[in-house]
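K.L.:
I'd like to ask some things about the structure below.
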Amino acid sequence: MTINEIKKVCVLGAGTMGCRISLECAVRGYQCVVYDISQEALQRAPERQKMMAAMQVFQGNVKQEEVEQGLARISFTTDPAKAAANAD
């Protein structure tokens, strides 16, 4: 599989690294699903990602429009089968 064939990424963990990795992938155009066993971690993740994205916009690394589109590509689940379904 080449990088151009990847469409959906599954990220394990909604902590700092998982939020950062999924945000980066989503902003670059990939569909992302974030899996975690903790519903609380998943509930906090979108706000963490928005804060991370705001810093990236502030630093000029990405445009606000790209962030908004990227955030729309991210979903969250505590179901491992759902998270891995169709992931590349």
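Ordered as shown in the structure tokens, chains take letters A, B, and onward, while each chain numbers its residues from 1 and ligands are numbered from 1 in the order shown.
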Just list the residues in chain A DSSP gives alpha helix (DSSP H) on the backbone, as a count of residues only.

P.N.:
45

K.L.:
Have a look at A:Arg48, A:Lys7, A:Lys63, A:Lys82 and name the one nearest to Gln31 (chain A); count only C-alpha atoms.

P.N.:
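Among the listed residues, the smallest separation from Gln31 (chain A) belongs to A:Lys7.
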
K.L.:
Which one is closest to Glu5 (chain A): A:Tyr30, A:Gln56, A:Glu65, A:Leu71? Count only C-alpha atoms.

P.N.:
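That would be A:Tyr30, the residue with the smallest distance to Glu5 (chain A).
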
K.L.:
Given the choices A:Ala54, A:Ala45, A:Leu23, A:Val34, which gets closest to Cys10 (chain A) if the distance is worked out from only C-alpha atoms?

P.N.:
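The closest residue to Cys10 (chain A) is A:Val34.
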
K.L.:
Could you tell me how far CA of Ala87 (chain A) sits from CA of Asn61 (chain A), in Å to one decimal place?

P.N.:
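Going from CA of Asn61 (chain A) over to CA of Ala87 (chain A), I get 26.9 Å.
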